[in-house]
file structure.cif (mmCIF, C-alpha atoms)
data_coords
loop_
_atom_site.label_atom_id
_atom_site.label_comp_id
_atom_site.auth_asym_id
_atom_site.auth_seq_id
_atom_site.Cartn_x
_atom_site.Cartn_y
_atom_site.Cartn_z
CA MET W 273 18.36 -6.79 -5.64
CA GLU W 274 18.75 -9.87 -7.79
CA LYS W 275 16.67 -11.85 -5.30
CA LEU W 276 13.94 -9.23 -5.30
CA ILE W 277 13.70 -9.35 -9.09
CA HIS W 278 13.59 -13.15 -8.90
CA LEU W 279 10.79 -12.83 -6.34
CA PHE W 280 8.61 -10.29 -8.13
CA ILE W 281 9.44 -10.24 -11.86
CA PRO W 282 8.81 -13.15 -14.26
CA ARG W 283 12.01 -14.25 -16.00
CA GLN W 284 13.92 -17.36 -16.94
CA SER W 285 15.32 -17.98 -13.45
CA ASN W 286 11.79 -18.36 -12.00
CA ASN W 287 10.34 -20.18 -14.99
CA HIS W 288 8.74 -16.95 -16.25
CA LYS W 289 6.56 -16.53 -13.22
CA ALA W 290 7.30 -14.31 -10.22
CA LYS W 291 8.69 -16.63 -7.55
CA ILE W 292 6.32 -15.27 -4.89
CA LEU W 293 3.38 -16.50 -7.01
CA HIS W 294 4.64 -20.09 -7.16
CA SER W 295 2.47 -22.55 -5.26
CA SER W 296 5.36 -23.40 -2.93
CA SER W 297 5.84 -19.72 -2.04
CA LEU W 298 2.13 -19.25 -1.35
CA ILE W 299 2.15 -22.26 0.97
CA VAL W 300 5.21 -20.83 2.77
CA ILE W 301 3.34 -17.52 3.28
CA ALA W 302 0.30 -19.43 4.59
CA SER W 303 2.60 -21.33 6.97
CA PHE W 304 4.03 -18.04 8.25
CA PHE W 305 0.47 -16.97 9.13
CA VAL W 306 -0.08 -20.16 11.12
CA VAL W 307 3.23 -19.72 12.97
CA PHE W 308 2.40 -16.05 13.59
CA GLN W 309 -0.93 -16.99 15.17
CA ALA W 310 0.78 -19.64 17.30
CA LEU W 311 3.26 -17.01 18.50
CA ILE W 312 0.40 -14.66 19.42
CA ASN W 313 -1.24 -17.49 21.36
CA PHE W 314 1.90 -18.50 23.23
CA LEU W 315 3.39 -15.03 23.76
CA PRO W 316 1.29 -14.26 26.88
CA ARG W 317 2.59 -17.44 28.57
CA PHE W 318 6.24 -16.54 28.23
CA GLY W 319 6.47 -12.81 27.70
CA PRO W 320 5.03 -9.64 29.15
CA ASN W 321 1.30 -8.99 28.90
CA ILE W 322 1.31 -6.75 25.85
CA LEU W 323 -1.65 -8.16 23.92
CA GLY W 324 -5.07 -6.64 24.25
CA TYR W 325 -8.00 -4.72 22.83
CA ALA W 326 -8.10 -1.01 23.54
CA SER W 327 -11.62 0.21 24.11
CA GLN W 328 -13.53 3.00 25.70
CA ILE W 329 -17.02 1.77 26.43
CA SER W 330 -19.22 3.73 28.76
CA PRO W 331 -22.13 1.91 30.49
CA ASP W 332 -24.26 5.05 30.05
CA GLU W 333 -23.63 5.03 26.30
CA VAL W 334 -24.58 1.33 26.02
CA THR W 335 -27.80 2.08 27.91
CA ARG W 336 -28.54 5.11 25.73
CA LEU W 337 -27.99 3.17 22.50
CA THR W 338 -30.08 0.25 23.78
CA ASN W 339 -32.97 2.57 24.60
CA GLN W 340 -32.53 4.25 21.22
CA LYS W 341 -33.01 0.87 19.50
CA ARG W 342 -36.08 0.19 21.65
CA ALA W 343 -37.51 3.62 20.82
CA GLU W 344 -37.02 2.91 17.09
CA ALA W 345 -39.02 -0.30 17.62
CA GLY W 346 -41.77 1.59 19.45
CA LEU W 347 -40.90 0.18 22.88
CA SER W 348 -40.59 1.99 26.17
CA ALA W 349 -37.15 2.91 27.51
CA LEU W 350 -35.49 0.72 30.10
CA THR W 351 -34.73 2.28 33.46
CA TYR W 352 -31.09 2.09 34.52
CA ASN W 353 -30.91 0.08 37.71
CA GLN W 354 -27.79 0.31 39.90
CA THR W 355 -28.45 -3.07 41.48
CA LEU W 356 -28.56 -4.72 38.06
CA ALA W 357 -25.43 -2.79 37.09
CA GLY W 358 -23.66 -4.10 40.16
CA ALA W 359 -24.75 -7.65 39.34
CA ALA W 360 -23.62 -7.22 35.70
CA TYR W 361 -20.26 -5.85 36.76
CA THR W 362 -19.78 -8.74 39.20
CA LYS W 363 -20.61 -11.24 36.43
CA GLY W 364 -17.94 -9.57 34.27
CA ARG W 365 -15.38 -9.74 37.10
CA ASP W 366 -16.29 -13.37 37.70
CA MET W 367 -15.47 -14.20 34.06
CA ILE W 368 -12.13 -12.38 34.32
CA ASP W 369 -11.22 -13.85 37.70
CA ARG W 370 -12.15 -17.42 36.80
CA ASP W 371 -11.00 -17.10 33.17
CA TYR W 372 -14.11 -18.16 31.27
CA TRP W 373 -16.27 -16.65 28.54
CA ALA W 374 -19.79 -18.05 28.80
CA HIS W 375 -23.27 -17.41 30.14
CA THR W 376 -22.79 -20.29 32.56
CA ALA W 377 -19.64 -20.50 34.71
CA PRO W 378 -17.49 -23.66 34.60
CA ASP W 379 -18.96 -24.75 37.96
CA GLY W 380 -22.49 -24.44 36.56
CA THR W 381 -23.30 -21.05 38.09
CA GLN W 382 -26.11 -19.49 36.08
CA PRO W 383 -26.19 -15.75 35.32
CA TRP W 384 -29.42 -15.47 37.33
CA LYS W 385 -27.46 -16.16 40.50
CA PHE W 386 -25.84 -12.74 40.15
CA PHE W 387 -29.31 -11.16 40.05
CA THR W 388 -30.36 -12.88 43.25
CA ASP W 389 -26.99 -12.34 44.95
CA PHE W 390 -27.65 -8.63 44.65
CA GLY W 391 -31.18 -8.99 45.95
CA TYR W 392 -32.83 -8.36 42.60
CA ARG W 393 -36.04 -10.41 42.76
CA TYR W 394 -36.68 -10.88 39.07
CA LYS W 395 -39.79 -11.91 37.26
CA TYR W 396 -38.03 -11.79 33.90
CA ALA W 397 -34.29 -11.70 33.36
CA GLY W 398 -31.94 -11.71 30.39
CA GLU W 399 -28.24 -11.40 29.67
CA ASN W 400 -26.19 -10.23 26.68
CA LEU W 401 -22.40 -10.51 26.67
CA ALA W 402 -19.80 -8.80 24.50
CA ARG W 403 -16.02 -8.57 24.50
CA ASP W 404 -13.20 -6.95 22.53
CA PHE W 405 -15.33 -4.26 20.88
CA SER W 406 -13.79 -0.84 20.40
CA SER W 407 -16.90 1.22 21.15
CA ALA W 408 -20.39 1.10 22.63
CA GLN W 409 -21.87 1.65 19.16
CA ALA W 410 -20.03 -1.39 17.73
CA THR W 411 -21.16 -3.48 20.70
CA VAL W 412 -24.84 -2.61 20.39
CA ASP W 413 -24.71 -2.96 16.59
CA ALA W 414 -23.30 -6.49 16.96
CA TRP W 415 -26.07 -7.44 19.39
CA MET W 416 -28.70 -5.99 17.07
CA ASN W 417 -27.32 -8.05 14.18
CA SER W 418 -27.84 -11.26 16.16
CA PRO W 419 -31.49 -12.41 16.31
CA THR W 420 -31.29 -13.81 19.86
CA HIS W 421 -29.51 -10.77 21.31
CA ARG W 422 -31.82 -8.41 19.44
CA ASP W 423 -34.79 -10.23 20.99
CA ASN W 424 -33.38 -9.43 24.41
CA ILE W 425 -32.89 -5.75 23.57
CA LEU W 426 -36.35 -5.46 22.02
CA ASN W 427 -38.23 -7.44 24.67
CA SER W 428 -41.20 -5.53 26.06
CA LYS W 429 -41.19 -7.67 29.22
CA TYR W 430 -38.01 -6.04 30.48
CA LYS W 431 -38.33 -2.80 32.41
CA GLU W 432 -34.83 -2.27 33.77
CA ILE W 433 -31.27 -2.54 32.56
CA GLY W 434 -27.85 -2.73 34.16
CA ILE W 435 -24.53 -2.54 32.35
CA GLY W 436 -21.22 -3.81 33.66
CA VAL W 437 -18.00 -2.94 31.84
CA THR W 438 -14.86 -4.54 33.13
CA GLU W 439 -11.31 -5.05 31.92
CA GLY W 440 -8.84 -7.76 32.68
CA ASP W 441 -6.80 -10.67 31.47
CA LEU W 442 -8.83 -13.38 29.73
CA ALA W 443 -6.78 -16.32 28.39
CA GLY W 444 -3.66 -14.17 28.40
CA ILE W 445 -5.13 -11.26 26.46
CA ASP W 446 -6.23 -7.98 27.95
CA THR W 447 -9.95 -7.80 27.31
CA THR W 448 -12.89 -5.48 27.84
CA ILE W 449 -16.08 -7.34 28.72
CA VAL W 450 -19.53 -5.76 28.53
CA VAL W 451 -22.30 -7.47 30.46
CA GLN W 452 -25.84 -6.31 29.76
CA PHE W 453 -28.45 -7.45 32.30
CA PHE W 454 -32.16 -7.00 31.67
CA GLY W 455 -34.83 -7.48 34.25
CA ALA W 456 -38.34 -6.91 35.48
CA THR W 457 -39.37 -7.40 39.09
CA TYR W 458 -42.69 -8.62 40.41
CA GLN W 459 -43.60 -5.00 41.05
CA ASP W 460 -43.13 -4.04 37.40
CA LYS W 461 -46.22 -4.13 35.23
CA VAL W 462 -45.71 -5.96 31.98
CA SER W 463 -47.88 -4.29 29.39
CA GLU W 464 -47.81 -6.65 26.46
CA PRO W 465 -46.88 -10.30 25.92
CA VAL W 466 -44.24 -11.32 23.45
CA ALA W 467 -44.84 -14.30 21.21
CA GLN W 468 -41.33 -15.67 20.86
CA VAL W 469 -38.46 -14.53 22.96
CA GLN W 470 -35.19 -16.35 23.28
CA GLN W 471 -32.74 -16.18 26.13
CA VAL W 472 -35.52 -15.09 28.49
CA LYS W 473 -35.54 -17.02 31.70
CA THR W 474 -38.79 -17.12 33.54
CA PRO W 475 -38.90 -18.78 36.92
CA VAL W 476 -40.84 -21.99 37.29
CA PRO W 477 -44.19 -21.02 38.84
CA THR W 478 -43.79 -23.30 41.80
CA LEU W 479 -40.23 -22.27 42.42
CA ALA W 480 -39.87 -18.58 43.08
CA PRO W 481 -36.26 -17.35 42.75
CA THR W 482 -34.43 -17.86 45.97
CA ILE W 483 -32.94 -14.73 47.42
CA VAL W 484 -29.39 -15.53 48.42
CA PRO W 485 -27.80 -13.25 51.03
CA VAL W 486 -25.81 -10.50 49.38
CA THR W 487 -22.14 -11.27 49.68
CA THR W 488 -20.74 -8.51 47.49
CA ASN W 489 -19.95 -5.05 48.70
CA LEU W 490 -22.47 -3.25 46.48
CA PRO W 491 -21.39 0.37 47.13
CA GLN W 492 -17.82 -0.54 46.28
CA VAL W 493 -18.85 -2.28 43.05
CA GLN W 494 -20.98 0.68 42.04
CA ALA W 495 -18.09 3.04 42.65
CA GLU W 496 -15.92 0.95 40.35
CA ILE W 497 -18.39 0.68 37.50
CA THR W 498 -19.08 4.39 37.40
CA SER W 499 -15.42 5.16 36.84
CA PRO W 500 -13.99 2.58 34.43
CA GLN W 501 -10.26 2.83 34.03
CA PRO W 502 -9.04 2.86 30.43
CA ASN W 503 -6.30 0.37 29.84
CA GLN W 504 -2.96 2.09 29.34
CA GLN W 505 -0.83 -1.04 28.97
CA VAL W 506 -2.23 -2.36 25.70
CA LEU W 507 0.46 -2.34 23.05
CA ILE W 508 -0.58 -4.90 20.47
CA SER W 509 -4.08 -5.87 19.40
CA PRO W 510 -3.97 -9.48 18.14
CA PHE W 511 -6.88 -8.86 15.78
CA ASN W 512 -5.61 -5.60 14.31
CA THR W 513 -2.07 -6.96 13.91
CA THR W 514 -3.36 -10.05 12.08
CA ARG W 515 -5.67 -7.87 9.98
CA PHE W 516 -2.87 -5.49 9.04
CA ALA W 517 -0.57 -8.37 8.05
CA SER W 518 -3.35 -9.99 5.98
CA ILE W 519 -4.16 -6.77 4.13
CA ALA W 520 -0.46 -6.17 3.39
CA VAL W 521 0.02 -9.69 2.00
CA VAL W 522 -3.13 -9.58 -0.13
CA LEU W 523 -2.28 -6.16 -1.58
CA LEU W 524 1.27 -7.31 -2.36
CA LEU W 525 0.02 -10.47 -4.09
CA LEU W 526 -2.60 -8.52 -6.04
CA PHE W 527 0.09 -6.12 -7.26
CA VAL W 528 2.48 -8.91 -8.25
CA PHE W 529 -0.28 -10.91 -9.99
CA VAL W 530 -1.22 -7.89 -12.12
CA LEU W 531 2.42 -7.00 -12.83
CA ASP W 532 3.21 -10.61 -13.68
CA ALA W 533 0.25 -10.86 -16.06
CA PHE W 534 1.18 -7.58 -17.73
CA LEU W 535 4.82 -8.58 -18.31
CA VAL W 536 3.95 -12.08 -19.50
CA SER W 537 1.40 -10.66 -21.92
CA ARG W 538 3.79 -8.01 -23.25
CA ARG W 539 6.62 -10.51 -23.73
CA ARG W 540 4.19 -12.99 -25.34
CA ILE W 541 5.34 -15.76 -23.02
CA ILE W 542 3.33 -18.96 -23.19
CA ARG W 543 3.25 -20.85 -19.90
CA VAL W 544 1.11 -23.30 -17.98
CA ALA W 545 -0.60 -21.46 -15.12
CA GLY W 546 -3.92 -20.60 -13.54
CA ARG W 547 -6.03 -17.67 -14.68
CA THR W 548 -4.71 -14.39 -13.32
CA PHE W 549 -8.20 -12.87 -13.46
CA ALA W 550 -9.56 -15.68 -11.25
CA HIS W 551 -6.73 -15.30 -8.72
CA VAL W 552 -7.16 -11.52 -8.62
CA ALA W 553 -10.94 -11.89 -8.18
CA PHE W 554 -10.44 -14.41 -5.36
CA LEU W 555 -7.89 -12.24 -3.57
CA GLY W 556 -10.12 -9.19 -4.08
CA MET W 557 -12.93 -11.07 -2.36
CA ILE W 558 -10.57 -12.08 0.47
CA LEU W 559 -9.52 -8.44 0.86
CA THR W 560 -13.19 -7.38 1.08
CA VAL W 561 -13.88 -10.06 3.69
CA ILE W 562 -10.88 -8.89 5.72
CA LEU W 563 -12.22 -5.33 5.58
CA ILE W 564 -15.73 -6.49 6.62
CA LEU W 565 -14.49 -8.43 9.66
CA ARG W 566 -14.47 -6.49 12.91
CA SER W 567 -13.08 -7.40 16.29
CA GLY W 568 -15.48 -8.33 19.03
CA LYS W 569 -17.40 -11.37 20.20
CA ILE W 570 -20.93 -11.63 21.49
CA LEU W 571 -22.55 -14.35 23.50
CA MET I 232 -15.36 -14.12 -24.27
CA LYS I 233 -15.74 -17.85 -24.94
CA HIS I 234 -15.62 -18.58 -21.22
CA LEU I 235 -17.63 -15.57 -20.10
CA PRO I 236 -20.22 -17.77 -18.32
CA HIS I 237 -17.36 -19.29 -16.32
CA TYR I 238 -16.20 -15.90 -15.07
CA VAL I 239 -19.76 -14.71 -14.41
CA SER I 240 -20.38 -17.78 -12.25
CA LEU I 241 -17.09 -17.24 -10.41
CA ILE I 242 -17.96 -13.63 -9.61
CA ALA I 243 -21.49 -14.69 -8.59
CA ILE I 244 -20.04 -17.23 -6.13
CA PHE I 245 -17.77 -14.59 -4.62
CA LEU I 246 -20.58 -12.03 -4.34
CA ALA I 247 -22.86 -14.58 -2.66
CA GLY I 248 -20.06 -15.32 -0.19
CA LEU I 249 -19.55 -11.64 0.58
CA VAL I 250 -23.27 -11.14 1.19
CA GLY I 251 -23.21 -14.18 3.51
CA PHE I 252 -20.28 -12.76 5.46
CA TYR I 253 -22.09 -9.47 5.91
CA VAL I 254 -25.52 -10.86 6.79
CA PHE I 255 -24.30 -13.57 9.17
CA SER I 256 -21.80 -11.38 10.97
CA TYR I 257 -23.10 -12.67 14.34
CA ASP I 258 -22.52 -16.35 13.57
CA LYS I 259 -18.85 -17.27 13.70
CA TYR I 260 -19.25 -20.88 12.66
CA PHE I 261 -21.51 -20.01 9.76
CA ARG I 262 -18.82 -17.62 8.57
CA VAL I 263 -16.25 -20.40 8.85
CA GLY I 264 -18.55 -22.56 6.73
CA ILE I 265 -18.88 -19.81 4.13
CA ALA I 266 -15.09 -19.32 3.98
CA VAL I 267 -14.44 -23.05 3.52
CA ALA I 268 -17.19 -23.30 0.90
CA LEU I 269 -15.79 -20.33 -1.03
CA SER I 270 -12.28 -21.79 -1.07
CA ALA I 271 -13.55 -25.19 -2.17
CA SER I 272 -15.72 -23.57 -4.84
CA TYR I 273 -12.74 -21.62 -6.13
CA VAL I 274 -10.60 -24.75 -6.55
CA THR I 275 -13.53 -26.58 -8.15
CA TRP I 276 -14.11 -23.68 -10.51
CA GLY I 277 -10.42 -23.76 -11.51
CA VAL I 278 -10.52 -27.50 -12.23
CA ILE I 279 -13.73 -27.27 -14.27
CA HIS I 280 -12.56 -24.18 -16.15
CA HIS I 281 -9.18 -25.60 -17.12
CA ALA I 282 -10.67 -29.01 -17.90
CA SER I 283 -13.11 -27.43 -20.33
CA HIS I 284 -10.25 -25.33 -21.72
CA LYS I 285 -8.23 -28.56 -22.11
CA ASP I 286 -5.16 -27.17 -20.36
CA ILE I 287 -5.52 -28.78 -16.95
CA CYS I 288 -2.51 -30.28 -15.18
CA TRP I 289 -1.42 -30.85 -11.59
CA THR I 290 0.66 -27.64 -11.57
CA VAL I 291 -2.45 -25.59 -12.28
CA ILE I 292 -4.54 -27.47 -9.72
CA PHE I 293 -1.86 -26.98 -7.04
CA GLU I 294 -1.79 -23.27 -7.89
CA TYR I 295 -5.52 -22.92 -7.21
CA ILE I 296 -5.20 -24.99 -4.04
CA ALA I 297 -2.28 -22.87 -2.81
CA VAL I 298 -4.11 -19.58 -3.45
CA SER I 299 -7.26 -20.88 -1.78
CA ILE I 300 -5.38 -22.22 1.27
CA LEU I 301 -3.62 -18.88 1.75
CA GLY I 302 -6.89 -16.94 1.48
CA LEU I 303 -8.72 -19.38 3.76
CA ILE I 304 -6.03 -19.24 6.46
CA MET I 305 -6.05 -15.44 6.46
CA VAL I 306 -9.84 -15.31 6.82
CA LEU I 307 -10.02 -18.09 9.43
CA THR I 308 -7.33 -16.54 11.61
CA LEU I 309 -9.27 -13.27 11.60
CA ILE I 310 -12.61 -14.96 12.31
CA PHE I 311 -11.19 -16.82 15.31
CA ARG I 312 -9.14 -13.81 16.41
CA ALA I 313 -12.08 -11.37 16.21
#
call {"tool": "encode", "arguments": {"input": "structure.cif", "output": "structure tokens"}}
result
Amino acid sequence: MEKLIHLFIPRQSNNHKAKILHSSSLIVIASFFVVFQALINFLPRFGPNILGYASQISPDEVTRLTNQKRAEAGLSALTYNQTLAGAAYTKGRDMIDRDYWAHTAPDGTQPWKFFTDFGYRYKYAGENLARDFSSAQATVDAWMNSPTHRDNILNSKYKEIGIGVTEGDLAGIDTTIVVQFFGATYQDKVSEPVAQVQQVKTPVPTLAPTIVPVTTNLPQVQAEITSPQPNQQVLISPFNTTRFASIAVVLLLLFVFVLDAFLVSRRRIIRVAGRTFAHVAFLGMILTVILILRSGKIL
Amino acid sequence: MKHLPHYVSLIAIFLAGLVGFYVFSYDKYFRVGIAVALSASYVTWGVIHHASHKDICWTVIFEYIAVSILGLIMVLTLIFRA
């Protein structure tokens, strides 16, 4: 009890300032955060696989939301294409199996290879990637907030879409990856040109995309992507755990700062210290930032 | 009230940072830049404020640095963990 008072109440033993608010204590708390993050990073190497992001993302819902955004922009809906979905799912599995998170694989394999592997002879093709989002809505919202990904979603050159949702271990953490493939074949009629579109790959006129023999069992892939299995083994979300710890620490410090200022003012103690209002404002801003941040990465 | 402009500027810096975090939600490294800039601005504000108030000393400066480091680490861990 005596130690708690020393920690939270200003008095002579702590030089009339709650011990937890001393610079040394704040640095110790910051160090704990660093150690905590290191533990989260190293835990998968030594312990059971208990870290991950629980999510329930349906490919149909991603397609529906994508078409909803296009409709709001006055564009035609994309047709769901099973071949593109198979290619997207295979790209997602490739990232899980070879443990990378990028448009281009470590060996230089471009995303367009997955299109051609599945026999999709594209005229225009595009790819959006997302991971660790909790819902289809959060995924599409994140893409729409990014100018380059939004350009893909709102590109009038694309006529078809395929979504691949896959789960697996990526760098030791159980992850849900969403791969969004856009395409238009030479048979599709493109109605209107787009002035500036990023992440759109058009084949060089003299080099038509080479059709590589299909090596993937397409029916089997399609069966898998239509029945995604929710992950039942996820116990700890690294992001949510860190977020919860951060919120708890900030709220505690805010409370102690206010209590400390109140007691010091009432006891008319004169001391050399920073401005409580400034510290509270800074921590309030940090708390707001923590609340704004959401899990999920896009690429 | 004498230092009201100081506090108004501090709040304005924080609000600008919050708007930046919200608007550039898709750009991780821009967010990192905003977080670092906010922490540095906070320490700078503390130094300028206390210097103009003529009560600056290393204890006070370390206090601002400690608070800013703690806040920065919490935000950075979440940005890279997200």
call {"tool": "atom_distance", "arguments": {"input": "structure.cif", "atom1": "atom CA of Val334 of chain W", "atom2": "atom CA of Asp379 of chain W"}}
result
29.2 Å
call {"tool": "closest_atom_pairs", "arguments": {"input": "structure.cif", "of": "chain I", "to": "chain W", "cutoff": "10 Å", "atoms": "all atoms listed in the file", "output": "JSON lines"}}
result
{"residue": "I:His237", "atom": "CA", "partner": "W:Ala550", "partner_atom": "CA", "distance": 10.0}
{"residue": "I:Tyr238", "atom": "CA", "partner": "W:Ala550", "partner_atom": "CA", "distance": 7.7}
{"residue": "I:Leu241", "atom": "CA", "partner": "W:Ala550", "partner_atom": "CA", "distance": 7.7}
{"residue": "I:Ile242", "atom": "CA", "partner": "W:Ala553", "partner_atom": "CA", "distance": 7.4}
{"residue": "I:Phe245", "atom": "CA", "partner": "W:Met557", "partner_atom": "CA", "distance": 6.4}
{"residue": "I:Leu246", "atom": "CA", "partner": "W:Met557", "partner_atom": "CA", "distance": 8.0}
{"residue": "I:Gly248", "atom": "CA", "partner": "W:Met557", "partner_atom": "CA", "distance": 8.6}
{"residue": "I:Leu249", "atom": "CA", "partner": "W:Val561", "partner_atom": "CA", "distance": 6.7}
{"residue": "I:Val250", "atom": "CA", "partner": "W:Val561", "partner_atom": "CA", "distance": 9.8}
{"residue": "I:Phe252", "atom": "CA", "partner": "W:Val561", "partner_atom": "CA", "distance": 7.2}
{"residue": "I:Tyr253", "atom": "CA", "partner": "W:Ile564", "partner_atom": "CA", "distance": 7.1}
{"residue": "I:Val254", "atom": "CA", "partner": "W:Asn417", "partner_atom": "CA", "distance": 8.1}
{"residue": "I:Phe255", "atom": "CA", "partner": "W:Asn417", "partner_atom": "CA", "distance": 8.0}
{"residue": "I:Ser256", "atom": "CA", "partner": "W:Asn417", "partner_atom": "CA", "distance": 7.2}
{"residue": "I:Tyr257", "atom": "CA", "partner": "W:Ser418", "partner_atom": "CA", "distance": 5.3}
{"residue": "I:Asp258", "atom": "CA", "partner": "W:Ser418", "partner_atom": "CA", "distance": 7.8}
{"residue": "I:Lys259", "atom": "CA", "partner": "W:Lys569", "partner_atom": "CA", "distance": 8.9}
{"residue": "I:Ala266", "atom": "CA", "partner": "W:Ile558", "partner_atom": "CA", "distance": 9.2}
{"residue": "I:Leu269", "atom": "CA", "partner": "W:Phe554", "partner_atom": "CA", "distance": 9.1}
{"residue": "I:Ser270", "atom": "CA", "partner": "W:Phe554", "partner_atom": "CA", "distance": 8.7}
{"residue": "I:Tyr273", "atom": "CA", "partner": "W:Phe554", "partner_atom": "CA", "distance": 7.6}
{"residue": "I:Trp276", "atom": "CA", "partner": "W:Ala550", "partner_atom": "CA", "distance": 9.2}
{"residue": "I:Gly277", "atom": "CA", "partner": "W:Gly546", "partner_atom": "CA", "distance": 7.5}
{"residue": "I:Val278", "atom": "CA", "partner": "W:Gly546", "partner_atom": "CA", "distance": 9.6}
{"residue": "I:His280", "atom": "CA", "partner": "W:Arg547", "partner_atom": "CA", "distance": 9.3}
{"residue": "I:His281", "atom": "CA", "partner": "W:Gly546", "partner_atom": "CA", "distance": 8.1}
{"residue": "I:Asp286", "atom": "CA", "partner": "W:Val544", "partner_atom": "CA", "distance": 7.7}
{"residue": "I:Ile287", "atom": "CA", "partner": "W:Val544", "partner_atom": "CA", "distance": 8.7}
{"residue": "I:Cys288", "atom": "CA", "partner": "W:Val544", "partner_atom": "CA", "distance": 8.3}
{"residue": "I:Thr290", "atom": "CA", "partner": "W:Ala545", "partner_atom": "CA", "distance": 7.2}
{"residue": "I:Val291", "atom": "CA", "partner": "W:Ala545", "partner_atom": "CA", "distance": 5.3}
{"residue": "I:Ile292", "atom": "CA", "partner": "W:Gly546", "partner_atom": "CA", "distance": 7.9}
{"residue": "I:Phe293", "atom": "CA", "partner": "W:Ser295", "partner_atom": "CA", "distance": 6.4}
{"residue": "I:Glu294", "atom": "CA", "partner": "W:Ser295", "partner_atom": "CA", "distance": 5.1}
{"residue": "I:Tyr295", "atom": "CA", "partner": "W:Gly546", "partner_atom": "CA", "distance": 6.9}
{"residue": "I:Ile296", "atom": "CA", "partner": "W:Ser295", "partner_atom": "CA", "distance": 8.1}
{"residue": "I:Ala297", "atom": "CA", "partner": "W:Ser295", "partner_atom": "CA", "distance": 5.4}
{"residue": "I:Val298", "atom": "CA", "partner": "W:Leu298", "partner_atom": "CA", "distance": 6.6}
{"residue": "I:Ser299", "atom": "CA", "partner": "W:Phe554", "partner_atom": "CA", "distance": 8.0}
{"residue": "I:Ile300", "atom": "CA", "partner": "W:Ala302", "partner_atom": "CA", "distance": 7.1}
{"residue": "I:Leu301", "atom": "CA", "partner": "W:Ala302", "partner_atom": "CA", "distance": 4.9}
{"residue": "I:Gly302", "atom": "CA", "partner": "W:Ile558", "partner_atom": "CA", "distance": 6.2}
{"residue": "I:Leu303", "atom": "CA", "partner": "W:Ile558", "partner_atom": "CA", "distance": 8.2}
{"residue": "I:Ile304", "atom": "CA", "partner": "W:Ala302", "partner_atom": "CA", "distance": 6.6}
{"residue": "I:Met305", "atom": "CA", "partner": "W:Ser518", "partner_atom": "CA", "distance": 6.1}
{"residue": "I:Val306", "atom": "CA", "partner": "W:Ile562", "partner_atom": "CA", "distance": 6.6}
{"residue": "I:Leu307", "atom": "CA", "partner": "W:Ile562", "partner_atom": "CA", "distance": 10.0}
{"residue": "I:Thr308", "atom": "CA", "partner": "W:Gln309", "partner_atom": "CA", "distance": 7.3}
{"residue": "I:Leu309", "atom": "CA", "partner": "W:Phe511", "partner_atom": "CA", "distance": 6.5}
{"residue": "I:Ile310", "atom": "CA", "partner": "W:Leu565", "partner_atom": "CA", "distance": 7.3}
{"residue": "I:Phe311", "atom": "CA", "partner": "W:Phe511", "partner_atom": "CA", "distance": 9.1}
{"residue": "I:Arg312", "atom": "CA", "partner": "W:Phe511", "partner_atom": "CA", "distance": 5.5}
{"residue": "I:Ala313", "atom": "CA", "partner": "W:Ser567", "partner_atom": "CA", "distance": 4.1}
call {"tool": "axis_aligned_box", "arguments": {"input": "structure.cif", "around": "segment 281-297 of chain I", "padding_each_side": "4 Å", "output": "JSON"}}
result
{"center_x": -6.2, "center_y": -26.9, "center_z": -12.5, "size_x": 21.8, "size_y": 16.0, "size_z": 27.3}
call {"tool": "atom_distance", "arguments": {"input": "structure.cif", "atom1": "atom CA of Lys431 of chain W", "atom2": "atom CA of Thr447 of chain W"}}
result
29.3 Å
call {"tool": "atom_distance", "arguments": {"input": "structure.cif", "atom1": "atom CA of Gly364 of chain W", "atom2": "atom CA of Ala397 of chain W"}}
result
16.5 Å
call {"tool": "resolve_selection", "arguments": {"input": "structure.cif", "expression": "the PyMOL selection byres ((chain W and resi 280) around 8)", "output": "ChimeraX atom specification"}}
result
/W:276-279,281-282,290-292,528,532
call {"tool": "residues_near_point", "arguments": {"input": "structure.cif", "point": "(-26.4, -5.9, 43.7)", "cutoff": "6 Å", "atoms": "only C-alpha atoms", "output": "MDAnalysis selection string"}}
result
chainID W and resid 355 358:359 390 490
call {"tool": "residues_near_point", "arguments": {"input": "structure.cif", "point": "(-28.2, 5.1, 25.2)", "cutoff": "12 Å", "atoms": "all atoms listed in the file", "output": "PyMOL selection string"}}
result
chain W and resi 329-343+349-352+408-409+411-412+425+433-435
call {"tool": "closest_residue", "arguments": {"input": "structure.cif", "among": "W:Leu531, W:Ile542, W:Leu442, W:Leu563", "to": "Asp369 of chain W", "atoms": "only C-alpha atoms"}}
result
W:Leu442
call {"tool": "residues_around", "arguments": {"input": "structure.cif", "residues": "Arg543 of chain W", "least_positions_apart": "2", "cutoff": "9 Å", "atoms": "only C-alpha atoms", "output": "list in words"}}
result
Asn287, His288, Lys289, Val536, Ile541 and Ala545 of chain W
call {"tool": "resolve_selection", "arguments": {"input": "structure.cif", "expression": "the PyMOL selection byres ((chain W and resi 453-456) around 8)", "output": "ChimeraX atom specification"}}
result
/W:356-357,359-360,394-400,424,429-435,451-452,457-460
call {"tool": "resolve_selection", "arguments": {"input": "structure.cif", "expression": "the PyMOL selection byres ((chain W and resi 313) around 10)", "output": "PyMOL selection string"}}
result
chain W and resi 307-312+314-317+323+443-445+510
call {"tool": "closest_residue", "arguments": {"input": "structure.cif", "among": "W:Val552, W:Leu347, W:Val437, W:Ala520", "to": "Ala533 of chain W", "atoms": "all atoms listed in the file"}}
result
W:Val552
